[in-house]
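Here is the structure we will look at, set down as structure tokens.
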Amino acid sequence: MAVASSAHSTIFSKTSLFHHINGFKRFSFCLPFSSSAAASISSKKKWRQPVASSELELGGIKIAKDDVVRDDPTNNVPDTIFSKMGMQLHRRNNHPLGILKNGIYEYFDSNYPNLFDKFDDLCPIVSVKQNFDDVLVPADHVSRSYNDTYYVDSKTVLRCHTSAHQAELLRRGHTHFLVTGDVYRRDSIDSTHYPVFHQMEGVRVFTPDNWEASGLDPTSYAAEDLKKSLEGLARHLFGAVEMRWIDAYFPFTNPSYELEIYFKEKWMEVLGCGVMEQEILKSNGRSDSVAWAFGLGLERLAMVLFDIPDIRLFWTNDERFTSQFSKGQMGVKFKPFSKYPPCYKDMSFWINESFTENNLCEVVRGIAGDLVEEVSLIDNFTNKKGLTSHCYRIAYRSMERSLTDEEINDLQWNVREQVQKKLNVVLR
């Protein structure tokens, strides 16, 4: 339960792209699965962007690359994003994200035996309706823009949140469920942001039989149960910590809250949650019910629990990282295996009215991939003619090896060339 932050009806060009299987869309013509894991890179060779597999399979749904990355004005999904699809870090039991997911499962299984259905392999390609309309995201919300969301076509996106499956699961009769998966958002570049990350959504539905004997109204009953459940989850993950509830706003819950804990001498947001809007329940056959929902980011919590300093590390295949974690070992502290020096390159240009920082970051990521550590605006001004100049500092750093001057210069040259070409800016 998390709306995209920051933040056209054409069917796909191929005939009968979608047909429905058990209520979920299935690609009907794609090729068999092939792994997209990149081979390790020799430190003696220039870095090359990993090449995405031409096909993959997600939850029994076969997907071809040209169904997701297409030369279409309504498509803004790059190769670099497709290369991450199908990696499903949250389903790897020895990976920090998989360990955390299983730790949350353990809490719900222990406290609510056989109650919550679990889904962690649902296809991330969803309709605009599923991603936005079904969870009441306003038509003018920033998260719907092409600047914030990856569009496959005007009616189809890569899910921005696991809430995209909420309505479908309710219609199918599920009343208690946890949905975990990879989600996609165009975003800035720094140590805590990445265009692909992982969320868990939780939903619990109550009927009149549940609340009538309590003496509470339905909303109060659900809110009380919600807070009790999630405070227990926070203690399960972080121990005996101080907590506080903050009033919040989400389009799909009312009232809405954020849970914060006092951890390592500061307040930290753990998750967002609330009592589900009745309109969602009524639209999906549950008009006599009330429900709560929560959403949390796995990377955000795993970085704290495992002391992982950079979000890019979750995607590395380097054994010096992967060998430090084992199934069921929650909270093992990551031991940095090396600290290679960063290299900084500045780039200045005159912007135009259509320029956005997210578009800049997409271009930089498309060239440098995970070798780019941060892109930050360090200076801007407007001259007497009304032209505005931005100066960005790009930090290049590998988590696995030292970069050579030659490859950094090659990357920066390509970045400058593509920024000017794709963003229609004037380099200074």
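The chains in the structure tokens are called A, B, ... from first to last as shown; in each chain the residues are counted from 1, and the ligands are counted from 1 in the order shown.
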
* To do: Apply DSSP to the structure's backbone, then extract all residues of stretch 151-354 of chain A labelled helix (DSSP H, G or I) and return them as a ChimeraX atom specification.
  => /A:162-171,208-214,218-238,278-283,298-305,311-315,319-322

Write out as JSON lines a residue-level contact list of stretch 302-391 of chain A versus stretch 191-206 of chain A with cut-off 8 Å: for each qualifying residue the closest pair of atoms and the distance in Å to one decimal, counting only C-alpha atoms, rows sorted by chain and residue number upward.
```
{"residue": "A:Pro309", "atom": "CA", "partner": "A:Ser191", "partner_atom": "CA", "distance": 7.1}
{"residue": "A:Asp310", "atom": "CA", "partner": "A:Ser191", "partner_atom": "CA", "distance": 4.6}
{"residue": "A:Ile311", "atom": "CA", "partner": "A:Thr192", "partner_atom": "CA", "distance": 5.4}
{"residue": "A:Arg312", "atom": "CA", "partner": "A:Ser191", "partner_atom": "CA", "distance": 7.3}
{"residue": "A:Glu373", "atom": "CA", "partner": "A:Ser191", "partner_atom": "CA", "distance": 6.6}
{"residue": "A:Glu374", "atom": "CA", "partner": "A:Ser191", "partner_atom": "CA", "distance": 7.0}
```

* To do: Could you please write out, as a PyMOL selection string, every residue of stretch 155-369 of chain A that DSSP assigns to strand (DSSP E or B)?
  => chain A and resi 156-158+176-184+190+193+196-206+242-250+253-263+266-276+290-297+343-350

* Asked: Which residues, written as a PyMOL selection string, have at least one atom at most 10 Å from A:Cys123, with only C-alpha atoms counted and residues fewer than 3 positions away on the same chain left out?
  -> chain A and resi 24-26+57-63+85-86+120+126+158-159+165+181-182

Export of prior selection with all heavy atoms as a short mmCIF file (atom, residue, chain, number, x, y, z; two decimals), in the first residue's frame:
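Done, and the output landed in selection_16.cif:
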```cif
data_model
loop_
_atom_site.label_atom_id
_atom_site.label_comp_id
_atom_site.auth_asym_id
_atom_site.auth_seq_id
_atom_site.Cartn_x
_atom_site.Cartn_y
_atom_site.Cartn_z
N PHE A 24 -5.65 -12.81 -14.01
CA PHE A 24 -4.43 -12.04 -14.24
C PHE A 24 -4.07 -12.10 -15.71
O PHE A 24 -4.31 -13.08 -16.41
CB PHE A 24 -3.27 -12.58 -13.40
CG PHE A 24 -3.39 -12.25 -11.96
CD1 PHE A 24 -3.89 -13.19 -11.06
CD2 PHE A 24 -3.04 -10.99 -11.49
CE1 PHE A 24 -4.02 -12.88 -9.73
CE2 PHE A 24 -3.18 -10.68 -10.16
CZ PHE A 24 -3.67 -11.63 -9.27
N LYS A 25 -3.44 -11.04 -16.19
CA LYS A 25 -3.07 -10.98 -17.60
C LYS A 25 -1.88 -11.89 -17.88
O LYS A 25 -0.98 -12.00 -17.09
CB LYS A 25 -2.73 -9.54 -17.99
CG LYS A 25 -3.96 -8.63 -17.99
CD LYS A 25 -3.58 -7.23 -18.36
CE LYS A 25 -4.80 -6.33 -18.41
NZ LYS A 25 -4.45 -4.95 -18.71
N ARG A 26 -1.92 -12.49 -19.04
CA ARG A 26 -0.83 -13.37 -19.42
C ARG A 26 -0.41 -13.05 -20.85
O ARG A 26 -1.23 -12.91 -21.73
CB ARG A 26 -1.27 -14.83 -19.33
CG ARG A 26 -0.19 -15.82 -19.76
CD ARG A 26 -0.73 -17.23 -19.73
NE ARG A 26 0.33 -18.14 -20.16
CZ ARG A 26 0.84 -19.08 -19.39
NH1 ARG A 26 0.42 -19.23 -18.16
NH2 ARG A 26 1.78 -19.87 -19.85
N GLU A 57 10.63 -15.07 -17.84
CA GLU A 57 9.35 -15.57 -17.37
C GLU A 57 9.13 -15.10 -15.94
O GLU A 57 10.02 -15.21 -15.09
CB GLU A 57 9.32 -17.09 -17.43
CG GLU A 57 7.97 -17.69 -17.02
CD GLU A 57 7.91 -19.18 -17.26
OE1 GLU A 57 8.15 -19.61 -18.41
OE2 GLU A 57 7.63 -19.91 -16.29
N LEU A 58 7.96 -14.55 -15.66
CA LEU A 58 7.62 -14.05 -14.34
C LEU A 58 6.28 -14.63 -13.91
O LEU A 58 5.26 -14.37 -14.55
CB LEU A 58 7.54 -12.52 -14.34
CG LEU A 58 8.84 -11.78 -14.67
CD1 LEU A 58 8.56 -10.30 -14.82
CD2 LEU A 58 9.88 -12.01 -13.60
N GLY A 59 6.29 -15.43 -12.87
CA GLY A 59 5.05 -16.00 -12.35
C GLY A 59 4.29 -16.80 -13.39
O GLY A 59 3.06 -16.76 -13.42
N GLY A 60 5.01 -17.52 -14.24
CA GLY A 60 4.35 -18.30 -15.28
C GLY A 60 3.98 -17.50 -16.50
O GLY A 60 3.39 -18.03 -17.43
N ILE A 61 4.31 -16.21 -16.51
CA ILE A 61 3.98 -15.35 -17.64
C ILE A 61 5.25 -15.10 -18.46
O ILE A 61 6.24 -14.60 -17.93
CB ILE A 61 3.39 -14.01 -17.16
CG1 ILE A 61 2.11 -14.27 -16.38
CG2 ILE A 61 3.13 -13.07 -18.33
CD1 ILE A 61 1.54 -13.05 -15.72
N LYS A 62 5.22 -15.47 -19.71
CA LYS A 62 6.38 -15.30 -20.57
C LYS A 62 6.38 -13.90 -21.19
O LYS A 62 5.37 -13.46 -21.71
CB LYS A 62 6.41 -16.37 -21.66
CG LYS A 62 6.58 -17.78 -21.10
CD LYS A 62 6.53 -18.84 -22.19
CE LYS A 62 6.69 -20.24 -21.58
NZ LYS A 62 6.63 -21.29 -22.63
N ILE A 63 7.54 -13.26 -21.12
CA ILE A 63 7.64 -11.88 -21.57
C ILE A 63 8.85 -11.74 -22.48
O ILE A 63 9.97 -12.11 -22.10
CB ILE A 63 7.79 -10.92 -20.38
CG1 ILE A 63 6.63 -11.09 -19.40
CG2 ILE A 63 7.89 -9.47 -20.84
CD1 ILE A 63 6.82 -10.36 -18.09
N MET A 85 14.38 -7.03 -14.60
CA MET A 85 13.15 -7.81 -14.48
C MET A 85 13.48 -9.30 -14.45
O MET A 85 14.32 -9.78 -15.20
CB MET A 85 12.20 -7.48 -15.63
CG MET A 85 11.72 -6.04 -15.64
SD MET A 85 10.66 -5.65 -17.05
CE MET A 85 9.22 -6.66 -16.66
N GLY A 86 12.84 -10.00 -13.59
CA GLY A 86 13.09 -11.44 -13.49
C GLY A 86 14.18 -11.81 -12.52
O GLY A 86 14.37 -13.00 -12.23
N ASP A 120 4.41 -13.65 -4.04
CA ASP A 120 5.69 -12.97 -4.29
C ASP A 120 6.19 -13.17 -5.71
O ASP A 120 7.35 -12.94 -6.01
CB ASP A 120 6.76 -13.42 -3.28
CG ASP A 120 7.20 -14.86 -3.46
OD1 ASP A 120 6.62 -15.58 -4.32
OD2 ASP A 120 8.14 -15.28 -2.75
N VAL A 126 1.48 -4.20 -15.34
CA VAL A 126 0.08 -4.04 -14.97
C VAL A 126 -0.55 -2.92 -15.79
O VAL A 126 0.15 -2.12 -16.42
CB VAL A 126 -0.07 -3.74 -13.46
CG1 VAL A 126 0.50 -4.88 -12.62
CG2 VAL A 126 0.61 -2.42 -13.09
N LEU A 158 4.99 -0.50 -15.74
CA LEU A 158 5.65 -1.33 -14.75
C LEU A 158 5.18 -0.83 -13.40
O LEU A 158 5.25 0.36 -13.12
CB LEU A 158 7.17 -1.22 -14.87
CG LEU A 158 7.78 -1.59 -16.22
CD1 LEU A 158 9.29 -1.54 -16.14
CD2 LEU A 158 7.32 -2.98 -16.67
N ARG A 159 4.66 -1.73 -12.57
CA ARG A 159 4.00 -1.30 -11.33
C ARG A 159 4.91 -0.40 -10.50
O ARG A 159 6.11 -0.65 -10.36
CB ARG A 159 3.57 -2.51 -10.51
CG ARG A 159 4.71 -3.37 -10.01
CD ARG A 159 4.23 -4.62 -9.30
NE ARG A 159 5.38 -5.50 -9.04
CZ ARG A 159 5.33 -6.82 -8.99
NH1 ARG A 159 4.19 -7.46 -9.20
NH2 ARG A 159 6.42 -7.53 -8.75
N HIS A 165 -1.94 -4.84 -7.17
CA HIS A 165 -2.61 -6.14 -7.18
C HIS A 165 -3.73 -6.23 -6.15
O HIS A 165 -4.41 -7.26 -6.06
CB HIS A 165 -1.59 -7.25 -6.93
CG HIS A 165 -0.45 -7.22 -7.90
ND1 HIS A 165 -0.56 -7.61 -9.21
CD2 HIS A 165 0.84 -6.81 -7.75
CE1 HIS A 165 0.60 -7.46 -9.83
NE2 HIS A 165 1.47 -6.98 -8.96
N GLY A 181 7.10 -7.82 -4.06
CA GLY A 181 7.58 -7.80 -5.44
C GLY A 181 8.46 -6.62 -5.75
O GLY A 181 8.60 -5.69 -4.95
N ASP A 182 9.06 -6.69 -6.93
CA ASP A 182 9.87 -5.58 -7.43
C ASP A 182 8.96 -4.51 -7.99
O ASP A 182 7.96 -4.81 -8.65
CB ASP A 182 10.86 -6.07 -8.50
CG ASP A 182 10.22 -7.05 -9.48
OD1 ASP A 182 9.23 -7.71 -9.12
OD2 ASP A 182 10.72 -7.16 -10.61
#
```

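Residues lying within 10 Å of stretch 135-140 of chain A, counting only C-alpha atoms and ignoring same-chain neighbours fewer than 3 positions away, are Met1, Ala2, Val3, Ala4, Lys129, Gln130, Asn131, Phe132, Ser143, Arg144, Ser145, Ser163, Ala164, His165, Gln166, Ala167, Phe250, Pro251, Phe252, Thr253, Met276, Glu277, Glu279 and Ile280 of chain A.
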
* Do a neighbour search on A:Ala223 at 9 Å with only C-alpha atoms, toss out local chain neighbours closer than 2 positions, and write the hits as a PyMOL selection string. => chain A and resi 218-221+225-228+255+274-275+291-292

Export, as a PDB file, in the first residue's frame, the selected residues with C-alpha atoms.
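result26.pdb, written as the output of this step:
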```
ATOM      1  CA  PRO A 218     -15.753  -0.464  12.081  1.00  0.00           C
ATOM      2  CA  THR A 219     -13.072   2.124  11.294  1.00  0.00           C
ATOM      3  CA  SER A 220     -11.870   2.381  14.891  1.00  0.00           C
ATOM      4  CA  TYR A 221     -11.802  -1.405  15.201  1.00  0.00           C
ATOM      5  CA  ASP A 225      -6.013  -3.879  15.083  1.00  0.00           C
ATOM      6  CA  LEU A 226      -3.730  -2.328  12.470  1.00  0.00           C
ATOM      7  CA  LYS A 227      -1.621  -0.502  15.030  1.00  0.00           C
ATOM      8  CA  LYS A 228      -1.384  -3.512  17.302  1.00  0.00           C
ATOM      9  CA  PRO A 255      -7.365   7.485   8.235  1.00  0.00           C
ATOM     10  CA  GLY A 274      -4.254   3.009   7.141  1.00  0.00           C
ATOM     11  CA  VAL A 275      -7.870   1.896   7.000  1.00  0.00           C
ATOM     12  CA  ALA A 291     -10.004  -3.416   6.026  1.00  0.00           C
ATOM     13  CA  TRP A 292      -6.563  -2.198   6.850  1.00  0.00           C
TER      14      TRP A 292
END
```

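Using only C-alpha atoms, the nearest neighbour of A:Arg401 within the list A:Phe119, A:Tyr112, A:Phe337, A:Phe238 is A:Phe337.
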
* Asked: Got a sec: who's within 12 Å of A:Gly285, counting only C-alpha atoms, leaving out chain neighbours fewer than 6 positions off, as an MDAnalysis selection string?
  -> chainID A and resid 167:175 205 278:279

How would the residues just chosen look if you wrote them out with N, CA, C and O atoms as a tab-separated table (two decimals), in the first residue's frame?
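Done, and the output landed in selection-v1.tsv:
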```tsv
chain	number	residue	atom	x	y	z
A	167	ALA	N	-6.79	-4.75	-5.70
A	167	ALA	CA	-8.18	-4.91	-6.14
A	167	ALA	C	-8.42	-6.30	-6.72
A	167	ALA	O	-9.45	-6.94	-6.45
A	168	GLU	N	-7.49	-6.77	-7.54
A	168	GLU	CA	-7.64	-8.08	-8.16
A	168	GLU	C	-7.73	-9.18	-7.11
A	168	GLU	O	-8.57	-10.09	-7.20
A	169	LEU	N	-6.89	-9.11	-6.10
A	169	LEU	CA	-6.90	-10.13	-5.06
A	169	LEU	C	-8.19	-10.08	-4.23
A	169	LEU	O	-8.74	-11.11	-3.85
A	170	LEU	N	-8.68	-8.88	-3.96
A	170	LEU	CA	-9.95	-8.75	-3.25
A	170	LEU	C	-11.09	-9.36	-4.06
A	170	LEU	O	-11.95	-10.08	-3.53
A	171	ARG	N	-11.11	-9.10	-5.36
A	171	ARG	CA	-12.16	-9.66	-6.22
A	171	ARG	C	-12.10	-11.17	-6.27
A	171	ARG	O	-13.12	-11.84	-6.43
A	172	ARG	N	-10.90	-11.71	-6.12
A	172	ARG	CA	-10.75	-13.17	-6.16
A	172	ARG	C	-11.06	-13.82	-4.82
A	172	ARG	O	-10.95	-15.03	-4.69
A	173	GLY	N	-11.45	-13.00	-3.84
A	173	GLY	CA	-11.91	-13.57	-2.58
A	173	GLY	C	-10.89	-13.62	-1.47
A	173	GLY	O	-11.16	-14.12	-0.38
A	174	HIS	N	-9.68	-13.09	-1.70
A	174	HIS	CA	-8.66	-13.08	-0.66
A	174	HIS	C	-8.96	-11.97	0.34
A	174	HIS	O	-9.18	-10.82	-0.05
A	175	THR	N	-8.93	-12.30	1.61
A	175	THR	CA	-9.26	-11.32	2.66
A	175	THR	C	-8.08	-11.01	3.57
A	175	THR	O	-8.13	-10.05	4.34
A	205	VAL	N	-8.98	-7.94	5.93
A	205	VAL	CA	-10.38	-7.55	5.80
A	205	VAL	C	-11.17	-8.10	6.99
A	205	VAL	O	-10.99	-9.24	7.40
A	278	GLN	N	-13.48	2.89	1.74
A	278	GLN	CA	-14.64	2.03	1.47
A	278	GLN	C	-14.92	1.88	-0.01
A	278	GLN	O	-15.42	0.84	-0.46
A	279	GLU	N	-14.60	2.88	-0.79
A	279	GLU	CA	-14.84	2.80	-2.23
A	279	GLU	C	-14.10	1.63	-2.86
A	279	GLU	O	-14.61	0.97	-3.78
```

May I have a table of the residues of stretch 59-136 of chain A lying at most 7 Å from stretch 318-332 of chain A, giving each one's closest pair of atoms and their distance in Å to one decimal, counting only C-alpha atoms, ordered by chain and ascending residue number, as JSON lines?
```
{"residue": "A:Asn93", "atom": "CA", "partner": "A:Lys327", "partner_atom": "CA", "distance": 5.2}
{"residue": "A:Asn94", "atom": "CA", "partner": "A:Ser326", "partner_atom": "CA", "distance": 4.6}
{"residue": "A:His95", "atom": "CA", "partner": "A:Phe325", "partner_atom": "CA", "distance": 6.3}
{"residue": "A:Pro96", "atom": "CA", "partner": "A:Phe325", "partner_atom": "CA", "distance": 6.7}
{"residue": "A:Ile99", "atom": "CA", "partner": "A:Gly328", "partner_atom": "CA", "distance": 5.9}
{"residue": "A:Leu100", "atom": "CA", "partner": "A:Met330", "partner_atom": "CA", "distance": 6.8}
```

How about saving the chosen residues, C-alpha atoms kept, as a PDB file, in the first residue's frame?
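To be explicit, this is the file written out as out_29.pdb:
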```
ATOM      1  CA  ASN A  93      16.571 -16.938   0.641  1.00  0.00           C
ATOM      2  CA  ASN A  94      20.253 -16.056   1.151  1.00  0.00           C
ATOM      3  CA  HIS A  95      19.838 -12.453   0.006  1.00  0.00           C
ATOM      4  CA  PRO A  96      19.176  -9.664   2.536  1.00  0.00           C
ATOM      5  CA  ILE A  99      15.878 -12.862   4.508  1.00  0.00           C
ATOM      6  CA  LEU A 100      13.861  -9.792   5.500  1.00  0.00           C
TER       7      LEU A 100
END
```

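Atom to atom, atom CA of A:Gly369 and atom CA of A:Asn409 stand 14.9 Å apart.
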
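Using only C-alpha atoms, the smallest distance between any of A:Lys266, A:Lys339, A:Gln420, A:Ile351 and A:Leu403 comes from A:Lys339.
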